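Participant: Have a look at this one.
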Amino acid sequence: MNTLRMAGPASPDMSAEAARVELAKRREQALSRMLMTYISTGLAFMLLPGTFLGVWNLIFITSKQASNSVSPAWIQAHGHAQVFGWIGSFILGIGFYSIPKMRQSRPFAMWEAWATWLLWTGGVSLRWVSAVEAWHWRTLVPVSAALELAAFLLFFRTVSGHRPNSAGNVRPAPHGWILMVISGTCGLFAALVLNLVGTIQTAASSMPAFAPGLDQRFLVLMTWGFMVPFVWGFSARWLPTFLGLRAPSEKGLRLLILINSISILCAMVGSTRLASCLFLAATFFSPAVLRLAFPAVAPPKVQGIHESFPHFVRLAYVWLIVAAALGVWAAFASNADGIWGASRHALTVGFVATMVFSIGQRVLPAFSGMRLLYSPKLMAAGLSLLTLGCTLRVGCEVLAYQGISASAWKWLPVSAVTELTAVTCFAVNMFATFLSRPPSTLVKLGA
C-alpha cells in the first residue's frame with residue numbers, strides 16, 4: 001500500500017535564503033526606480049531649460065547678428081541647466097546605483113538618495129528660474145548654489161561612507177578608471193564650491209551673471225575638471241567590453257589625470273595659453289590610453305542597440321581633439337569669442353553629449369530593471385542629427401562670430417533646431433524605454 005507523504009515545513013536555512021533573495025529583489029527594484037527618476041529629471045533639464053533655452057538664445061543672437069545681444073545671465077543659466085541639471089543628475093543617479101555595488105559596500109538608506117535628488121533638483125531649478133526671471137535673484141541664486149553643494153556632500157557621504165564588506169585589511173590599489181572618476185568627483189566639488197563663492201559675489205552686482213574672468217575659470221572646472229574626467233573614467237570601465245578593445249593602460253590613465261590636473265591649475269591661475277596646449281596634448285593622448293586608436297581584439301557588443309555605436313564613440317573623441325585645438329587657437333587669437341564658443345560646443349555637444357547618447361543608451365536600460373532599448377533606429381537618428389547639428393554649429397559659429405562669412409549666420413538657427421531634434425530623439429527613446437516592461441515581466445505575463 002502506497003503511503004502519501006506530506007512535505008514538511010521548509011528548513012530555517014531555506015526560509016532565510018528565500019527572504020534574502022526577496023529582499024535583494026526589492027532593493028534592486030527600488031534602486032532602478034531611483035535611477036530612472038534621476039535620469040528622467042536630467043532629460044527634463046536637457047530638453048527645457050537646457051536645449052530649448054539655448055535654441056532661443058541662438059535664434060535671438062542670429063537675428064541681431066551680434067554675440068553680445070543676449071544677457072549673460074541667460075547664457076549662463078542655459079549652461080548651468082545642461083551641465084548640472086542634465087549631466088549632473090545622470091552622474092548622481094548612476095553613482096548611487098553602481099558605486100556601492102562596485103565597492104561591495106553595505107546598502108545605504110534609500111532616503112539619502114531621494115534627499116539628494118530633492119536638494120539637487122531644487123537647487124538647479126531655483127538657479128534657472130531666479131536667474132532667467134531675475135526674481136529675488138540676490139537671495140535665491142546663492143541659495144540654489146548652497147542646495148547643490150549640500151546635495152553633493154550628502155551624495156559623497158552616502159557612497160563613500162559605507163565601508164566595503166571585506167574581511168581582510170589589505171586593499172588592492174584602485175584601478176585607473178576609478179582614479180579618473182575620483183578626479184572628476186573632485187572637479188565637480190571644486191566647481192560647486194566656486195559656484196557658491198561666485199553667486200555670493202554676484203549678489204552685490206547688477207545682474208545674476210558671473211564676471212567674464214570668473215566665468216572662464218568656472219567653465220574650465222565644469223568641462224575639463226568635471227565632465228571630461230568622468231567620460232574618460234566611464235570609457236575606461238565600459239569600452240573594452242562594449243567595443244572589444246584591449247584593457248586601457250593603467251600608467252597612461254594616471255598620466256592623463258596628472259596632465260589634465262596640471263592643465264586645470266594653469267587655467268585657474270590665468271595661464272590660459274599653457275593650459276590650452278596641455279589640454280590638447282591630453283586629448284591626443286587619451287585615445288591611445290583607452291585603446292580607441294588601435295584595432296579591436298573582439299567583436300563589439302551591439303545587441304539591442306544600433307550597430308553604428310562603435311563609430312559614434314570614436315567620433316566623440318575626434319570632437320574632443322577638435323575642441324582642444326580650437327581652444328589653442330582661441331588662446332592665441334585676439335577677439336576670439338566665436339572660437340571659444342565653438343570650442344566649448346565641440347566639447348559639450350560633440351564629445352560629452354555624443355558619449356552620453358552612445359553609452360547611455362547602452363547601459364541605462366539594463367540598469368533600469370534589465371529593460372531593452374525602445375528603438376535602436378531612434379538611437380541612430382539622434383546621434384546622426386546631433387553630429388550634423390554640432391558640425392553646423394561649430395563651423396558656422398567661427399565663420400559668423402569672427403566676421404569671416406556673413407552667410408554663416410543663416411545656418412546657426414538650422415544647427416540649433418537640428419540639435420534640438422536630436423536631443424528630443426534621445427529623450428523620447430529613454431522615456432519610452434522606462435515606460436516599457438522588462439523582458440522578465442513580459443515572460444511572466446505570457447507576452
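The way I read the labels, and the way they are meant: chains A, B, ... in the order of the C-alpha cells, residue 1 as the first residue of every chain, and ligand 1 as the first ligand shown, with later ones counted on from there.
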Name all residues at most 6 Å from region 410-416 of chain A (count only C-alpha atoms; drop same-chain ones fewer than 3 positions away) and give them as a list of chain:residue names.
Facilitator: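 Selected residues are A:Val55, A:Ile59, A:Gly389, A:Leu392, A:Arg393, A:Ser407, A:Glu419.
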Participant: So which residues of region 161-292 of chain A fall under helix (DSSP H, G or I) by DSSP, listed as a ChimeraX atom specification?
Facilitator: /A:161,176-202,212-243,250-268,272-289
Participant: What's around region 95-99 of chain A at 10 Å? Count only C-alpha atoms, leave out sequence neighbours fewer than 4 positions away in its own chain, and write the answer as a PyMOL selection string.
Facilitator: chain A and resi 28+30-32+34-35+38+89-91+103-105+108+110+112-113+116+155-156+158-160+367-368
Participant: Using only C-alpha atoms, which residue out of A:Ala145, A:Ile321, A:Ala333, A:Ala342 lies closest to Thr121 (chain A)?
Facilitator: A:Ala145
Participant: So how far away is CA of Ala203 (chain A) from CA of Arg138 (chain A), in Å?
Facilitator: 4.5 Å
Participant: Near Ala236 (chain A), counting only C-alpha atoms, which residues have an atom at most 8 Å away, once you skip same-chain residues fewer than 5 positions from it, shown as a VMD selection string?
Facilitator: chain A and resid 177 247 to 248 290
Participant: Can those selected residues be exported to a file as a PDB file, in the first residue's frame so that it contains C-alpha atoms?
Facilitator:
ATOM      1  CA  TRP A 177      39.371  54.271 -14.175  1.00  0.00           C
ATOM      2  CA  ALA A 247      42.270  46.957 -21.452  1.00  0.00           C
ATOM      3  CA  PRO A 248      43.328  50.615 -21.097  1.00  0.00           C
ATOM      4  CA  LEU A 290      41.876  53.971 -23.926  1.00  0.00           C
TER       5      LEU A 290
END
Participant: Name the closest residue to Phe210 (chain A) among the candidates A:Arg27, A:His80, A:Arg273, A:His345; distances are taken between atoms, counting only C-alpha atoms.
Facilitator: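 Checking each of A:Arg27, A:His80, A:Arg273, A:His345 against Phe210 (chain A), counting only C-alpha atoms, the winner is A:His80.
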Participant: Got a sec: who's within 9 Å of Gly369 (chain A), counting only C-alpha atoms, leaving out chain neighbours fewer than 3 positions off, as a JSON list (two decimals) with C-alpha atoms, in the first residue's frame?
Facilitator:
[["chain", "number", "residue", "atom", "x", "y", "z"],
["A", 28, "GLU", "CA", 17.15, 46.24, -6.87],
["A", 29, "GLN", "CA", 13.69, 47.43, -7.85],
["A", 31, "LEU", "CA", 17.41, 51.29, -6.97],
["A", 32, "SER", "CA", 16.03, 51.04, -10.52],
["A", 33, "ARG", "CA", 13.13, 53.38, -9.68],
["A", 365, "PRO", "CA", 18.14, 50.35, -19.98],
["A", 366, "ALA", "CA", 19.96, 47.47, -18.26],
["A", 434, "PHE", "CA", 11.50, 53.39, -18.98],
["A", 437, "ARG", "CA", 8.03, 46.41, -19.22],
["A", 438, "PRO", "CA", 11.26, 44.47, -18.55]]
Participant: Could you check which of A:Trp238, A:Phe332, A:Phe284, A:Phe52 is closest to Val313 (chain A), using only C-alpha atoms?
Facilitator: A:Trp238
Participant: Using only C-alpha atoms, I'd like a table of the residues in region 326-372 of chain A that come within 10 Å of region 254-272 of chain A; for each, show the closest atom pair and its distance in Å rounded to one decimal, ordered by chain and ascending number, as JSON lines.
Facilitator:
{"residue": "A:Gly327", "atom": "CA", "partner": "A:Thr272", "partner_atom": "CA", "distance": 9.3}
{"residue": "A:Val328", "atom": "CA", "partner": "A:Thr272", "partner_atom": "CA", "distance": 8.8}
{"residue": "A:Ala330", "atom": "CA", "partner": "A:Thr272", "partner_atom": "CA", "distance": 9.7}
{"residue": "A:Ala331", "atom": "CA", "partner": "A:Thr272", "partner_atom": "CA", "distance": 6.4}
{"residue": "A:Phe332", "atom": "CA", "partner": "A:Thr272", "partner_atom": "CA", "distance": 9.0}
Participant: Store the residues picked out above in a file with C-alpha atoms, as a compact mmCIF listing (two decimals), in the first residue's frame.
Facilitator:
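New file out.txt:
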# COMPACT_ATOMS: atom_id res chain seq x y z
CA GLY A 327 40.88 76.19 -27.55
CA VAL A 328 44.54 76.63 -28.50
CA ALA A 330 41.31 80.94 -29.25
CA ALA A 331 44.00 81.32 -26.58
CA PHE A 332 46.47 82.77 -29.08
Participant: Would you pick out the contacts of His175 (chain A) at 12 Å or less, using only C-alpha atoms, so that residues sharing its chain but fewer than 2 positions from it are not included, and give the list as a VMD selection string?
Facilitator: chain A and resid 102 171 to 173 177 to 182 233 236 to 237 247 to 254
Participant: Can you tell me which residues surround Thr185 (chain A) at a distance of at most 10 Å, considering only C-alpha atoms, apart from same-chain residues fewer than 6 positions away, and format the answer as a list in words?
Facilitator: Ile91, Phe152, Phe156, Leu179, Ala191, Gly225, Phe226, Met227, Pro229 and Phe230 of chain A
Participant: Let's have the selection written as an mmCIF file, in the first residue's frame, with C-alpha atoms.
Facilitator:
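That gives us again-v1.cif:
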data_model
loop_
_atom_site.group_PDB
_atom_site.id
_atom_site.type_symbol
_atom_site.label_atom_id
_atom_site.label_comp_id
_atom_site.auth_asym_id
_atom_site.auth_seq_id
_atom_site.Cartn_x
_atom_site.Cartn_y
_atom_site.Cartn_z
ATOM 1 C CA ILE A 91 26.149 61.185 -12.681
ATOM 2 C CA PHE A 152 26.754 66.694 -3.488
ATOM 3 C CA PHE A 156 29.547 61.782 -1.356
ATOM 4 C CA LEU A 179 41.076 57.236 -10.013
ATOM 5 C CA ALA A 191 33.045 73.656 -9.420
ATOM 6 C CA GLY A 225 37.543 69.307 -14.279
ATOM 7 C CA PHE A 226 34.181 67.534 -14.054
ATOM 8 C CA MET A 227 32.709 66.194 -17.300
ATOM 9 C CA PRO A 229 37.361 63.016 -16.458
ATOM 10 C CA PHE A 230 34.025 61.306 -15.837
#
Participant: Record the distance separating CA of Arg217 (chain A) and CA of Gly395 (chain A), expressed in Å with one decimal.
Facilitator: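 So the answer is 24.5 Å.
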